[in-house]
Structure formats: structure tokens, C-alpha cells
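Raw my_file.tsv, TSV, C-alpha atoms and all ligand atoms:
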```tsv
chain	number	residue	atom	x	y	z
A	105	MET	CA	-24.79	-3.08	-3.11
A	106	LYS	CA	-27.43	-4.74	-5.20
A	107	SER	CA	-29.33	-6.17	-2.25
A	108	ALA	CA	-29.29	-2.81	-0.44
A	109	ALA	CA	-30.66	-1.00	-3.48
A	110	THR	CA	-33.40	-3.60	-3.95
A	111	LEU	CA	-34.37	-3.36	-0.32
A	112	SER	CA	-35.01	0.38	-0.35
A	113	GLY	CA	-36.29	0.47	-3.95
A	114	SER	CA	-39.07	-2.08	-3.51
A	115	HIS	CA	-40.62	-0.15	-0.63
A	116	ARG	CA	-40.71	3.30	-2.20
A	117	GLY	CA	-43.64	5.32	-0.88
A	118	ARG	CA	-43.94	3.46	2.44
A	119	PRO	CA	-41.86	5.64	4.78
A	120	GLY	CA	-42.38	3.40	7.84
A	121	ALA	CA	-41.15	0.28	6.11
A	122	ARG	CA	-38.28	2.23	4.55
A	123	ALA	CA	-37.14	3.51	7.91
A	124	ARG	CA	-37.19	-0.02	9.30
A	125	LEU	CA	-35.15	-1.27	6.34
A	126	TRP	CA	-32.30	1.22	6.84
A	127	PRO	CA	-30.46	-0.97	9.37
A	128	CYS	CA	-30.78	-3.96	6.97
A	129	ALA	CA	-29.48	-1.85	4.09
A	130	THR	CA	-26.54	-0.66	6.19
A	131	LEU	CA	-25.73	-4.22	7.22
A	132	ALA	CA	-25.94	-5.36	3.59
A	133	LEU	CA	-23.50	-2.59	2.61
A	134	LEU	CA	-21.13	-3.58	5.41
A	135	LEU	CA	-21.22	-7.22	4.30
A	136	ALA	CA	-20.73	-6.16	0.68
A	137	GLY	CA	-17.67	-4.29	1.98
A	138	CYS	CA	-16.07	-7.63	2.77
A	139	GLY	CA	-16.70	-9.37	-0.57
A	140	GLU	CA	-14.57	-10.01	-3.64
A	141	GLU	CA	-16.33	-7.15	-5.44
A	142	HIS	CA	-15.02	-4.72	-2.82
A	143	LEU	CA	-11.49	-6.09	-3.24
A	144	ARG	CA	-11.68	-5.64	-7.01
A	145	LYS	CA	-12.94	-2.07	-6.69
A	146	TYR	CA	-10.66	-1.06	-3.83
A	147	PRO	CA	-7.51	-3.17	-4.12
A	148	GLN	CA	-5.76	-1.20	-1.39
A	149	THR	CA	-8.11	-2.45	1.28
A	150	THR	CA	-7.20	-3.31	4.85
A	151	PHE	CA	-10.29	-5.53	5.16
A	152	HIS	CA	-8.75	-8.52	3.35
A	153	PRO	CA	-5.73	-9.29	5.51
A	154	THR	CA	-3.46	-11.98	4.02
A	155	THR	CA	-0.63	-12.02	6.57
A	156	GLU	CA	-0.50	-12.46	10.34
A	157	PHE	CA	0.52	-8.78	10.66
A	158	ALA	CA	-2.48	-7.58	8.65
A	159	ARG	CA	-4.83	-9.82	10.64
A	160	ILE	CA	-3.57	-8.34	13.92
A	161	SER	CA	-4.36	-4.79	12.68
A	162	ASP	CA	-7.70	-5.92	11.29
A	163	TRP	CA	-8.71	-7.56	14.57
A	164	LEU	CA	-7.67	-4.42	16.54
A	165	PHE	CA	-9.77	-2.28	14.22
A	166	TRP	CA	-12.89	-4.41	14.68
A	167	LEU	CA	-12.33	-4.64	18.44
A	168	SER	CA	-12.02	-0.83	18.76
A	169	LEU	CA	-15.00	-0.32	16.48
A	170	GLY	CA	-17.10	-2.82	18.47
A	171	LEU	CA	-16.20	-1.22	21.81
A	172	GLY	CA	-16.78	2.26	20.35
A	173	VAL	CA	-20.19	1.30	19.03
A	174	GLY	CA	-21.06	-0.32	22.40
A	175	VAL	CA	-20.09	2.83	24.32
A	176	GLY	CA	-21.91	5.03	21.80
A	177	VAL	CA	-25.13	3.04	22.01
A	178	LEU	CA	-24.97	2.97	25.80
A	179	VAL	CA	-24.27	6.71	26.22
A	180	LEU	CA	-26.85	7.80	23.63
A	181	GLY	CA	-29.39	5.34	25.10
A	182	ILE	CA	-28.94	6.65	28.63
A	183	MET	CA	-29.05	10.23	27.34
A	184	GLY	CA	-32.27	9.53	25.42
A	185	TYR	CA	-33.82	7.94	28.48
A	186	PHE	CA	-32.95	10.94	30.69
A	187	LEU	CA	-34.20	13.39	28.08
A	188	TRP	CA	-37.51	11.59	28.13
A	189	LYS	CA	-37.71	11.00	31.89
A	190	PHE	CA	-36.76	14.54	32.89
A	191	ARG	CA	-38.65	16.31	30.14
A	192	TYR	CA	-40.54	19.52	30.97
A	193	HIS	CA	-43.55	19.07	33.21
A	194	PRO	CA	-45.66	22.17	33.85
A	195	GLY	CA	-45.28	23.27	37.45
A	196	ALA	CA	-42.65	20.65	38.35
A	197	GLY	CA	-40.14	23.29	39.52
A	198	GLU	CA	-36.34	22.97	39.71
A	199	PRO	CA	-35.10	19.31	39.65
A	200	LYS	CA	-32.90	18.03	42.48
A	201	GLN	CA	-29.24	19.07	41.91
A	202	ILE	CA	-26.52	16.42	42.22
A	203	HIS	CA	-23.16	18.25	41.81
A	204	GLY	CA	-20.25	16.69	43.63
A	205	ASN	CA	-21.81	13.24	43.87
A	206	THR	CA	-18.72	11.23	44.76
A	207	ARG	CA	-20.08	7.89	43.55
A	208	LEU	CA	-20.95	9.29	40.12
A	209	GLU	CA	-17.60	11.07	39.81
A	210	VAL	CA	-15.70	7.88	40.66
A	211	ALA	CA	-17.87	5.79	38.32
A	212	TRP	CA	-17.40	7.98	35.25
A	213	THR	CA	-13.68	8.23	35.87
A	214	LEU	CA	-13.21	4.50	36.37
A	215	ILE	CA	-15.36	3.22	33.48
A	216	PRO	CA	-13.37	5.04	30.71
A	217	ALA	CA	-10.12	3.99	32.43
A	218	VAL	CA	-11.23	0.35	32.29
A	219	ILE	CA	-12.28	0.68	28.62
A	220	LEU	CA	-8.89	2.23	27.76
A	221	ALA	CA	-7.12	-0.57	29.61
A	222	VAL	CA	-9.15	-3.14	27.66
A	223	ILE	CA	-8.02	-1.51	24.37
A	224	ALA	CA	-4.46	-0.98	25.60
A	225	ILE	CA	-3.74	-4.67	26.30
A	226	PRO	CA	-4.32	-5.96	22.72
A	227	THR	CA	-2.76	-2.76	21.29
A	228	VAL	CA	0.50	-3.19	23.21
A	229	LYS	CA	0.47	-6.92	22.38
A	230	ALA	CA	0.02	-6.01	18.69
A	231	ILE	CA	2.94	-3.56	18.81
A	232	PHE	CA	5.24	-6.28	20.13
A	233	ALA	CA	3.85	-8.97	17.81
A	234	THR	CA	4.45	-6.80	14.72
A	235	GLN	CA	8.00	-5.70	15.72
A	236	PRO	CA	9.93	-8.97	15.96
A	237	ASP	CA	13.66	-8.78	16.60
A	238	PRO	CA	15.30	-8.92	13.10
A	239	ALA	CA	18.15	-10.97	14.60
A	240	ARG	CA	15.76	-13.76	15.60
A	241	LEU	CA	13.86	-14.44	12.39
A	242	PRO	CA	13.62	-17.95	10.90
A	243	ALA	CA	16.65	-19.17	8.96
A	244	ASN	CA	14.81	-19.20	5.60
A	245	THR	CA	13.66	-15.55	5.92
A	246	VAL	CA	13.73	-13.53	2.68
A	247	THR	CA	15.50	-10.22	3.32
A	248	ILE	CA	14.87	-7.34	0.93
A	249	GLU	CA	16.21	-3.79	1.20
A	250	VAL	CA	13.65	-1.15	0.29
A	251	VAL	CA	14.97	2.29	-0.62
A	252	GLY	CA	12.49	5.17	-0.86
A	253	LYS	CA	13.23	7.51	-3.76
A	254	GLN	CA	11.45	10.60	-5.08
A	255	TRP	CA	9.06	9.12	-6.26
A	256	TRP	CA	9.64	5.44	-6.71
A	257	TRP	CA	10.82	2.36	-4.86
A	258	GLU	CA	14.09	0.49	-5.21
A	259	PHE	CA	14.07	-3.17	-4.06
A	260	ARG	CA	17.42	-4.85	-3.44
A	261	TYR	CA	17.81	-8.60	-2.93
A	262	PRO	CA	21.21	-9.45	-1.41
A	263	GLN	CA	22.28	-12.89	-2.71
A	264	PRO	CA	24.37	-15.55	-0.93
A	265	ASN	CA	27.15	-15.10	-3.53
A	266	GLY	CA	27.56	-11.42	-2.61
A	267	ASP	CA	25.67	-10.06	-5.64
A	268	THR	CA	22.56	-7.94	-5.28
A	269	VAL	CA	19.51	-8.28	-7.49
A	270	VAL	CA	17.96	-4.85	-7.96
A	271	THR	CA	14.50	-4.01	-9.22
A	272	ALA	CA	12.04	-1.16	-8.92
A	273	ASN	CA	8.40	-0.57	-7.99
A	274	GLU	CA	7.47	-4.27	-7.92
A	275	VAL	CA	8.54	-6.27	-4.92
A	276	HIS	CA	8.39	-10.03	-5.42
A	277	VAL	CA	8.10	-12.39	-2.45
A	278	PRO	CA	7.39	-16.09	-1.89
A	279	VAL	CA	4.35	-17.22	0.11
A	280	GLY	CA	4.81	-19.18	3.32
A	281	ARG	CA	8.20	-17.68	4.18
A	282	THR	CA	8.93	-14.78	6.49
A	283	VAL	CA	9.65	-11.59	4.53
A	284	HIS	CA	11.95	-9.09	6.22
A	285	LEU	CA	12.01	-5.64	4.65
A	286	VAL	CA	14.91	-3.40	5.62
A	287	LEU	CA	13.60	0.11	5.08
A	288	LEU	CA	15.83	3.03	4.12
A	289	SER	CA	15.50	6.39	2.39
A	290	ASP	CA	18.15	8.37	0.56
A	291	ASN	CA	16.15	11.61	0.52
A	292	VAL	CA	13.03	12.50	2.55
A	293	LEU	CA	10.63	10.46	4.68
A	294	HIS	CA	8.50	7.82	2.96
A	295	SER	CA	6.26	5.11	4.32
A	296	PHE	CA	5.93	1.57	2.97
A	297	TRP	CA	2.32	0.42	2.90
A	298	VAL	CA	0.79	-2.60	1.22
A	299	PRO	CA	-2.45	-2.76	3.26
A	300	GLN	CA	-3.14	-6.47	2.77
A	301	MET	CA	0.35	-7.27	4.06
A	302	GLY	CA	0.20	-5.13	7.20
A	303	GLY	CA	0.55	-1.65	8.64
A	304	LYS	CA	2.59	1.28	7.38
A	305	ARG	CA	6.23	1.69	8.33
A	306	ASP	CA	8.41	4.72	7.68
A	307	LEU	CA	11.57	4.89	5.58
A	308	ILE	CA	13.86	7.36	7.29
A	309	THR	CA	17.13	8.88	6.07
A	310	ASN	CA	19.31	8.30	9.12
A	311	ARG	CA	17.66	5.22	10.58
A	312	VAL	CA	16.99	1.66	9.46
A	313	ASN	CA	13.46	0.37	10.06
A	314	HIS	CA	12.25	-3.20	9.72
A	315	LEU	CA	8.97	-4.65	8.55
A	316	VAL	CA	8.27	-8.36	8.91
A	317	PHE	CA	5.32	-10.36	7.59
A	318	THR	CA	4.56	-13.74	6.04
A	319	PRO	CA	2.50	-13.65	2.81
A	320	GLU	CA	0.00	-16.48	2.63
A	321	GLU	CA	-1.73	-16.25	-0.75
A	322	PRO	CA	-0.13	-15.82	-4.18
A	323	GLY	CA	-1.37	-12.70	-5.94
A	324	VAL	CA	-0.67	-9.10	-6.86
A	325	TYR	CA	-1.18	-6.63	-4.04
A	326	PHE	CA	-1.39	-2.85	-4.35
A	327	GLY	CA	0.56	-0.47	-2.19
A	328	GLN	CA	1.81	3.09	-2.07
A	329	CYS	CA	3.85	5.58	-0.14
A	330	ALA	CA	1.91	6.67	2.94
A	331	GLU	CA	4.02	9.61	4.11
A	332	PHE	CA	3.88	12.92	2.25
A	333	CYS	CA	7.21	13.13	0.42
A	334	GLY	CA	6.84	15.96	-2.10
A	335	THR	CA	5.05	16.94	-5.30
A	336	SER	CA	4.38	13.45	-6.67
A	337	HIS	CA	3.86	11.63	-3.37
A	338	SER	CA	0.47	10.34	-4.53
A	339	LEU	CA	2.14	8.91	-7.66
A	340	MET	CA	4.57	6.78	-5.65
A	341	ARG	CA	2.82	3.47	-5.92
A	342	MET	CA	3.97	-0.15	-6.05
A	343	ARG	CA	2.88	-3.74	-6.49
A	344	LEU	CA	3.77	-6.62	-4.23
A	345	VAL	CA	3.76	-9.88	-6.17
A	346	ALA	CA	3.46	-12.98	-3.99
A	347	HIS	CA	4.57	-16.18	-5.76
A	348	THR	CA	4.64	-19.83	-4.89
A	349	GLN	CA	8.17	-20.85	-3.89
A	350	ALA	CA	8.80	-22.27	-7.39
A	351	GLY	CA	7.49	-19.12	-9.08
A	352	TYR	CA	9.64	-16.94	-6.83
A	353	ASP	CA	12.78	-18.99	-7.52
A	354	GLN	CA	12.13	-18.67	-11.23
A	355	TRP	CA	11.58	-14.93	-11.00
A	356	LEU	CA	14.71	-14.40	-8.91
A	357	ALA	CA	16.88	-16.56	-11.19
A	358	ASN	CA	15.76	-14.49	-14.17
A	359	GLU	CA	16.36	-11.17	-12.36
A	360	ALA	CA	19.85	-12.29	-11.37
A	361	ARG	CA	20.83	-12.69	-15.03
A	362	PRO	CA	22.25	-9.77	-17.03
A	363	ALA	CA	20.06	-8.07	-19.61
A	364	VAL	CA	19.10	-10.09	-22.67
A	365	GLU	CA	21.16	-9.45	-25.77
A	366	PRO	CA	19.20	-8.12	-28.76
A	367	LEU	CA	18.53	-10.82	-31.34
A	368	PRO	CA	20.88	-10.40	-34.29
A	369	GLY	CA	18.82	-9.09	-37.17
A	370	ASP	CA	16.31	-7.23	-34.98
A	371	SER	CA	17.58	-3.84	-36.02
A	372	ALA	CA	15.04	-1.76	-34.03
A	373	VAL	CA	16.11	-3.41	-30.75
A	374	ALA	CA	19.81	-3.16	-31.66
A	375	LEU	CA	19.47	0.54	-32.54
A	376	GLY	CA	17.51	1.10	-29.33
A	377	LYS	CA	20.23	-0.61	-27.32
A	378	GLN	CA	22.87	1.59	-28.88
A	379	MET	CA	20.87	4.75	-28.03
A	380	VAL	CA	20.09	3.70	-24.47
A	381	THR	CA	23.57	2.47	-23.58
A	382	THR	CA	25.47	5.42	-25.07
A	383	GLY	CA	22.96	8.24	-24.72
A	384	ALA	CA	21.48	10.29	-21.88
A	385	CYS	CA	19.99	7.19	-20.13
A	386	VAL	CA	23.52	6.25	-18.98
A	387	ALA	CA	23.61	9.21	-16.57
A	388	CYS	CA	20.91	7.76	-14.29
A	389	HIS	CA	20.12	4.09	-14.96
A	390	THR	CA	21.66	0.66	-14.59
A	391	ILE	CA	21.24	-2.20	-17.05
A	392	GLU	CA	23.27	-5.23	-15.91
A	393	GLY	CA	25.40	-6.60	-18.72
A	394	THR	CA	25.89	-3.14	-20.27
A	395	PRO	CA	28.20	-0.30	-19.14
A	396	MET	CA	25.23	1.41	-17.42
A	397	THR	CA	25.71	1.49	-13.61
A	398	MET	CA	24.02	4.61	-12.20
A	399	ARG	CA	21.44	4.47	-9.39
A	400	THR	CA	19.69	7.86	-9.70
A	401	GLY	CA	16.85	6.24	-11.63
A	402	PRO	CA	15.36	2.73	-11.53
A	403	ASN	CA	17.41	-0.32	-12.53
A	404	LEU	CA	16.10	-1.31	-15.98
A	405	THR	CA	17.79	-4.72	-16.39
A	406	HIS	CA	14.49	-6.64	-16.72
A	407	PHE	CA	12.23	-3.66	-17.36
A	408	GLY	CA	10.20	-5.42	-20.06
A	409	ARG	CA	8.85	-7.87	-17.48
A	410	ARG	CA	7.37	-5.24	-15.19
A	411	ARG	CA	3.62	-4.82	-15.14
A	412	THR	CA	3.71	-1.07	-14.61
A	413	LEU	CA	5.99	1.89	-15.11
A	414	ALA	CA	6.66	5.21	-13.40
A	415	ALA	CA	6.16	3.70	-9.90
A	416	GLY	CA	2.97	1.81	-10.56
A	417	ILE	CA	0.95	4.66	-12.03
A	418	MET	CA	0.39	3.19	-15.49
A	419	GLU	CA	0.49	-0.06	-17.37
A	420	ASN	CA	3.85	-0.91	-18.92
A	421	ASN	CA	3.04	-0.70	-22.64
A	422	ALA	CA	4.49	1.04	-25.69
A	423	GLU	CA	2.04	3.93	-25.64
A	424	ASN	CA	2.64	4.78	-21.96
A	425	LEU	CA	6.37	4.27	-22.35
A	426	ARG	CA	6.37	6.82	-25.18
A	427	ARG	CA	4.49	9.32	-23.02
A	428	TRP	CA	6.98	8.73	-20.21
A	429	ILE	CA	10.18	8.98	-22.26
A	430	THR	CA	8.90	11.97	-24.27
A	431	ASN	CA	7.92	14.06	-21.26
A	432	ALA	CA	8.14	12.38	-17.86
A	433	PRO	CA	7.42	15.52	-15.79
A	434	SER	CA	4.10	15.92	-17.59
A	435	VAL	CA	3.10	12.49	-16.25
A	436	LYS	CA	4.77	12.81	-12.86
A	437	PRO	CA	5.28	16.45	-11.80
A	438	GLY	CA	8.73	17.04	-10.31
A	439	SER	CA	10.18	13.86	-11.81
A	440	LYS	CA	13.99	13.87	-11.99
A	441	MET	CA	13.75	12.35	-15.48
A	442	PRO	CA	13.84	15.34	-17.88
A	443	PRO	CA	11.66	15.63	-21.01
A	444	MET	CA	13.48	13.72	-23.78
A	445	GLY	CA	11.23	14.34	-26.81
A	446	GLU	CA	12.61	16.91	-29.25
A	447	HIS	CA	9.35	18.89	-29.38
A	448	VAL	CA	9.47	19.40	-25.60
A	449	GLY	CA	13.12	20.50	-25.41
A	450	GLY	CA	14.79	17.07	-25.47
A	451	SER	CA	17.05	15.53	-28.07
A	452	LEU	CA	15.13	12.42	-29.21
A	453	THR	CA	13.02	12.19	-32.33
A	454	ASP	CA	9.83	10.10	-32.30
A	455	GLN	CA	11.63	7.48	-34.40
A	456	GLN	CA	14.50	7.23	-31.93
A	457	ILE	CA	11.99	6.85	-29.08
A	458	THR	CA	10.40	3.99	-31.04
A	459	TYR	CA	13.78	2.18	-31.10
A	460	ILE	CA	14.31	2.82	-27.39
A	461	ILE	CA	10.87	1.41	-26.60
A	462	ALA	CA	11.68	-1.69	-28.67
A	463	TYR	CA	14.89	-2.24	-26.68
A	464	LEU	CA	13.34	-1.60	-23.25
A	465	GLN	CA	10.48	-4.00	-24.01
A	466	SER	CA	13.00	-6.65	-25.08
A	467	LEU	CA	14.55	-6.60	-21.57
A	468	GLN	CA	12.73	-9.65	-20.28
B	1	CU	CU	7.12	8.73	-0.59
```
Using C-alpha cells, write down the structure from this file.
Ligand SMILES: [Cu+2]
Amino acid sequence: MKSAATLSGSHRGRPGARARLWPCATLALLLAGCGEEHLRKYPQTTFHPTTEFARISDWLFWLSLGLGVGVGVLVLGIMGYFLWKFRYHPGAGEPKQIHGNTRLEVAWTLIPAVILAVIAIPTVKAIFATQPDPARLPANTVTIEVVGKQWWWEFRYPQPNGDTVVTANEVHVPVGRTVHLVLLSDNVLHSFWVPQMGGKRDLITNRVNHLVFTPEEPGVYFGQCAEFCGTSHSLMRMRLVAHTQAGYDQWLANEARPAVEPLPGDSAVALGKQMVTTGACVACHTIEGTPMTMRTGPNLTHFGRRRTLAAGIMENNAENLRRWITNAPSVKPGSKMPPMGEHVGGSLTDQQITYIIAYLQSLQ
């Protein structure tokens, strides 16, 4: 960005030089588009592939763009040449007509067919390469069920002992191992998309889809639903957290444990626990280790550890949590979680919400 601005700025008032610098400025912008700055500004970019799946899509994009630019330059060049060559000459009369020239007809039918074939080969190869048979994945593959909800994500980790670790809106994976997502929806169509991990894939009510990729670099990756699924579709976001194997094992071991017990003597947390586990929250949420077992809303067992809340739309902190609990539909229109604050028709006082926040944050 900076170099492009300097280029055009330093030659203000010299139109010829400015015109010549446009291609340089465009190139500088394109290169800037690939840098770390771009990634920071636009974390949902497809231009920083970090899995084999994402690299296949990226390569196809650049190949199609390259061929498209080549064809464009060629066609516009030839057109420009003909416009100049056959420009109006006084007294030249009608030019020679060439309808039905068989050679030309064959040529401009064959050339596009060849170009399409050139694109089709890597495209079909990419389709097969990104749809491996789920039955033939490596033995150490991590399998995670992804359930699309309105408007959040449930992630389920089946464990060898028959238990299932359940979390929401943040999917954790190890690097260097194949990740196999089993995609389902219990309502409408959604589409799982973490651009740096690979292409979109739909979550469909009466069909199981699969998405397979191998994360290579630890980090936090942004994603969101990519299929219109109702009022708050654009607020259905998520984070994919890629850990080292050790970090992943640690995370999973913690998630597999029941909720932490409030410290004796911490009365705010204890009061919050009592309100959450006997009040309205029971109707929709699960907290392992308490009597709460419902799946309408996200599993809250280790809620305090999550970076974000309300499907990735805001940071998980006390202030946002208060906004959410007080009046969720004002943050996420159409949310199934009703307003809970007493001044918006709910039953909780501000003080009670303070206790609930203390308990939810203690769920580490
Ligand atoms: Cu959706």
C-alpha cells in the first residue's frame, strides 16, 4: 500500500509518468495483497493457504486467472490491431466480406474448447484430490462431527472410550494430522468455510458430507457459514484453532473433564452456579458435571476458556456476556435465546446476571 501511494504521489503533475506508473502501482498492490499485513486486515483470506486442500484451490484460482488474463490480452490486442488496421479511409469503399470462412469458424470453436480442456483437467483432478474416501483415511485421523445450528456451530469429538467431547464455535485441531469433519445440520442448509483450510462444504439435513484437510501451522483461523441460513446467517462465525500435538492433547484432556466446581468461599460463583443449574438455562444448555443436559443451545462446560461468544461475533468478556445474557436477540436477531434481563421482559436482575457471569467465566 505504502509503496503504491509513494509511487503515484511523488509524480503528481506529470501525467505521462503517472500513467506509466499505474502498472507498477497495481503490481505493488497485488504483492501487498499477499503479505502479513493483508492477513491481519483480512483474516478470512484464501490467499494464505495452510493445508494441501487450500493450496489446490489457490493454485486453481491463479491458473484460471493467468489463463483468463492471457486470453483477455490476446483478444483485446487483436481487436485493437484490427480497429487500427481497418480504420476509416476516405474513398476506400466496402471492405472484403468473409462470412462463412470455414477455417476461421473451426479455429474459434477449437481454441476455446482447448482452453476449457486445459482448465478442466486440473479442476477435475482437484475435485478428486479434495474428496478422499472417508473409509481410507490414515489411522491417526482426527474425526470431528460438525453440526450446523441457527446460528452457531456444534463440534463433537467422539472419544475411544465411547464418550463425546462437545464444544461450540471453536474447533480445535492438531497440526500434521489429517482432520476429517463429518458435516451435518439439524435445521436448514449451512456451509462450513475456513478459507485458509480449504473450500466450502455444505451441511445438509438429510445427508452427511465430509471435509478432509491437514493443518500445517499452529494458529487461530477465521471462518464462517457460507450458505444463507436465515436472519443471522452473517453472524454465524467460528474460529479454528490449530495446536501442536501436545497443545491439542492438553486442550482435549481439559475439555473431556466435567465442569470445574466453584471454589468454596467464592460466593458469587456459587450463587451463579445455583442460578444457572436450576434456572432457565437448564432448558437449553449442557454443563457436564451438573444436571444440565439439553442440546438446543451451545454446550457450556468449558465456556470460560472460549475466545469468543455468540458464534464468534464478539470477544468473550464480562461486558459482552452481560449484553448477551440480558438481551441476546438485540445482538443476534432471531436468536433462540430469549431476553433474560428484567428490564427487557426477562426475569434476571443485573445483580443476578453478575453472579451468572462469574460462574460462566469460572468454567475453565
Ligand atoms: Cu449457516
What are the closest atom pairs, with distances in Å to one decimal, for each residue of chain A lying within 12 Å of ligand CU 1 (chain B), using all atoms listed in the file, rows by chain and rising residue number, as a Markdown table?
```
| residue | atom | partner | partner_atom | distance |
| --- | --- | --- | --- | --- |
| A:Val250 | CA | B:CU1 | CU | 11.9 |
| A:Val251 | CA | B:CU1 | CU | 10.2 |
| A:Gly252 | CA | B:CU1 | CU | 6.4 |
| A:Lys253 | CA | B:CU1 | CU | 7.0 |
| A:Gln254 | CA | B:CU1 | CU | 6.5 |
| A:Trp255 | CA | B:CU1 | CU | 6.0 |
| A:Trp256 | CA | B:CU1 | CU | 7.4 |
| A:Trp257 | CA | B:CU1 | CU | 8.5 |
| A:Glu258 | CA | B:CU1 | CU | 11.7 |
| A:Asn273 | CA | B:CU1 | CU | 12.0 |
| A:Leu288 | CA | B:CU1 | CU | 11.4 |
| A:Ser289 | CA | B:CU1 | CU | 9.2 |
| A:Asp290 | CA | B:CU1 | CU | 11.1 |
| A:Asn291 | CA | B:CU1 | CU | 9.5 |
| A:Val292 | CA | B:CU1 | CU | 7.7 |
| A:Leu293 | CA | B:CU1 | CU | 6.6 |
| A:His294 | CA | B:CU1 | CU | 3.9 |
| A:Ser295 | CA | B:CU1 | CU | 6.2 |
| A:Phe296 | CA | B:CU1 | CU | 8.1 |
| A:Trp297 | CA | B:CU1 | CU | 10.2 |
| A:Lys304 | CA | B:CU1 | CU | 11.8 |
| A:Arg305 | CA | B:CU1 | CU | 11.4 |
| A:Asp306 | CA | B:CU1 | CU | 9.3 |
| A:Leu307 | CA | B:CU1 | CU | 8.5 |
| A:Ile308 | CA | B:CU1 | CU | 10.5 |
| A:Gly327 | CA | B:CU1 | CU | 11.4 |
| A:Gln328 | CA | B:CU1 | CU | 7.9 |
| A:Cys329 | CA | B:CU1 | CU | 4.6 |
| A:Ala330 | CA | B:CU1 | CU | 6.6 |
| A:Glu331 | CA | B:CU1 | CU | 5.7 |
| A:Phe332 | CA | B:CU1 | CU | 6.0 |
| A:Cys333 | CA | B:CU1 | CU | 4.5 |
| A:Gly334 | CA | B:CU1 | CU | 7.4 |
| A:Thr335 | CA | B:CU1 | CU | 9.7 |
| A:Ser336 | CA | B:CU1 | CU | 8.2 |
| A:His337 | CA | B:CU1 | CU | 5.2 |
| A:Ser338 | CA | B:CU1 | CU | 7.9 |
| A:Leu339 | CA | B:CU1 | CU | 8.6 |
| A:Met340 | CA | B:CU1 | CU | 6.0 |
| A:Arg341 | CA | B:CU1 | CU | 8.6 |
| A:Met342 | CA | B:CU1 | CU | 10.9 |
| A:Ala415 | CA | B:CU1 | CU | 10.6 |
```
Please, what is the axis-aligned box for every listed atom of region 424-437 of chain A with 5 Å on each side, as centre and edge lengths in Å to one decimal, as AutoDock Vina command-line options?
```
--center_x 6.4 --center_y 10.4 --center_z -18.5 --size_x 17.5 --size_y 22.2 --size_z 23.4
```
Neighbour list for Asp353 (chain A) as a PyMOL selection string, cut-off 12 Å, all atoms listed in the file, skip fewer than 6 positions in-chain: chain A and resi 246+276-279+346-347+359-360
Residues at most 12 Å from region 168-183 of chain A, counting all atoms listed in the file, excluding those fewer than 5 positions away in the same chain, as an MDAnalysis selection string? chainID A and resid 161:163 188:191 212 215:216 218:227
Go ahead and save the picked residues with C-alpha atoms, as a PDB file, keeping the file's coordinate frame.
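Output below, filename part_7.pdb:
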```pdb
ATOM      1  CA  SER A 161      -4.360  -4.790  12.680  1.00  0.00           C
ATOM      2  CA  ASP A 162      -7.700  -5.920  11.290  1.00  0.00           C
ATOM      3  CA  TRP A 163      -8.710  -7.560  14.570  1.00  0.00           C
ATOM      4  CA  TRP A 188     -37.510  11.590  28.130  1.00  0.00           C
ATOM      5  CA  LYS A 189     -37.710  11.000  31.890  1.00  0.00           C
ATOM      6  CA  PHE A 190     -36.760  14.540  32.890  1.00  0.00           C
ATOM      7  CA  ARG A 191     -38.650  16.310  30.140  1.00  0.00           C
ATOM      8  CA  TRP A 212     -17.400   7.980  35.250  1.00  0.00           C
ATOM      9  CA  ILE A 215     -15.360   3.220  33.480  1.00  0.00           C
ATOM     10  CA  PRO A 216     -13.370   5.040  30.710  1.00  0.00           C
ATOM     11  CA  VAL A 218     -11.230   0.350  32.290  1.00  0.00           C
ATOM     12  CA  ILE A 219     -12.280   0.680  28.620  1.00  0.00           C
ATOM     13  CA  LEU A 220      -8.890   2.230  27.760  1.00  0.00           C
ATOM     14  CA  ALA A 221      -7.120  -0.570  29.610  1.00  0.00           C
ATOM     15  CA  VAL A 222      -9.150  -3.140  27.660  1.00  0.00           C
ATOM     16  CA  ILE A 223      -8.020  -1.510  24.370  1.00  0.00           C
ATOM     17  CA  ALA A 224      -4.460  -0.980  25.600  1.00  0.00           C
ATOM     18  CA  ILE A 225      -3.740  -4.670  26.300  1.00  0.00           C
ATOM     19  CA  PRO A 226      -4.320  -5.960  22.720  1.00  0.00           C
ATOM     20  CA  THR A 227      -2.760  -2.760  21.290  1.00  0.00           C
TER      21      THR A 227
END
```
Between CA of Leu375 (chain A) and CA of Lys440 (chain A), measure the distance and give it in Å to one decimal.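 About the pair CA of Leu375 (chain A) and CA of Lys440 (chain A): they are 25.1 Å apart.
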Near-region 147-158 of chain A list (7 Å; only C-alpha atoms; drop same-chain fewer than 2 positions) as a ChimeraX atom specification: /A:138,143-145,160-162,234,299-303,317-321,326-327
May I ask for the distance between CA of Val380 (chain A) and CA of His406 (chain A), given in Å to one decimal place?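 If I compute the distance from CA of Val380 (chain A) to CA of His406 (chain A), I get 14.1 Å.
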When you draw a straight line from CA of Ser466 (chain A) to CA of Pro322 (chain A), how long is it in Å?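 Rounded to one decimal, the two atoms are 26.3 Å apart.
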List the spatial neighbours of Ile248 (chain A) as a ChimeraX atom specification - criterion: any atom at most 9 Å away, only C-alpha atoms, same-chain residues fewer than 2 positions off excluded. /A:246,250,259-262,275,283-287
Of the listed residues A:Ser434, A:Met441, A:Leu187, A:Gly351, that which approaches Thr400 (chain A) most closely, counting only C-alpha atoms: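 Under the stated criterion, the closest residue is A:Met441.
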Counting all atoms listed in the file, the residue of A:Thr348, A:Thr206, A:Thr271, A:Thr245 that sits nearest His389 (chain A): A:Thr271
Within 12 Å of Glu423 (chain A), counting all atoms listed in the file, which residues qualify if same-chain residues fewer than 3 places away don't, as a ChimeraX atom specification? /A:413,418-420,426-430,454,457-458,461-462,465
Restricted to C-alpha atoms, what would the selected residues look like written as an mmCIF file, in the frame of the given file?
```cif
data_model
loop_
_atom_site.group_PDB
_atom_site.id
_atom_site.type_symbol
_atom_site.label_atom_id
_atom_site.label_comp_id
_atom_site.auth_asym_id
_atom_site.auth_seq_id
_atom_site.Cartn_x
_atom_site.Cartn_y
_atom_site.Cartn_z
ATOM 1 C CA LEU A 413 5.990 1.890 -15.110
ATOM 2 C CA MET A 418 0.390 3.190 -15.490
ATOM 3 C CA GLU A 419 0.490 -0.060 -17.370
ATOM 4 C CA ASN A 420 3.850 -0.910 -18.920
ATOM 5 C CA ARG A 426 6.370 6.820 -25.180
ATOM 6 C CA ARG A 427 4.490 9.320 -23.020
ATOM 7 C CA TRP A 428 6.980 8.730 -20.210
ATOM 8 C CA ILE A 429 10.180 8.980 -22.260
ATOM 9 C CA THR A 430 8.900 11.970 -24.270
ATOM 10 C CA ASP A 454 9.830 10.100 -32.300
ATOM 11 C CA ILE A 457 11.990 6.850 -29.080
ATOM 12 C CA THR A 458 10.400 3.990 -31.040
ATOM 13 C CA ILE A 461 10.870 1.410 -26.600
ATOM 14 C CA ALA A 462 11.680 -1.690 -28.670
ATOM 15 C CA GLN A 465 10.480 -4.000 -24.010
#
```
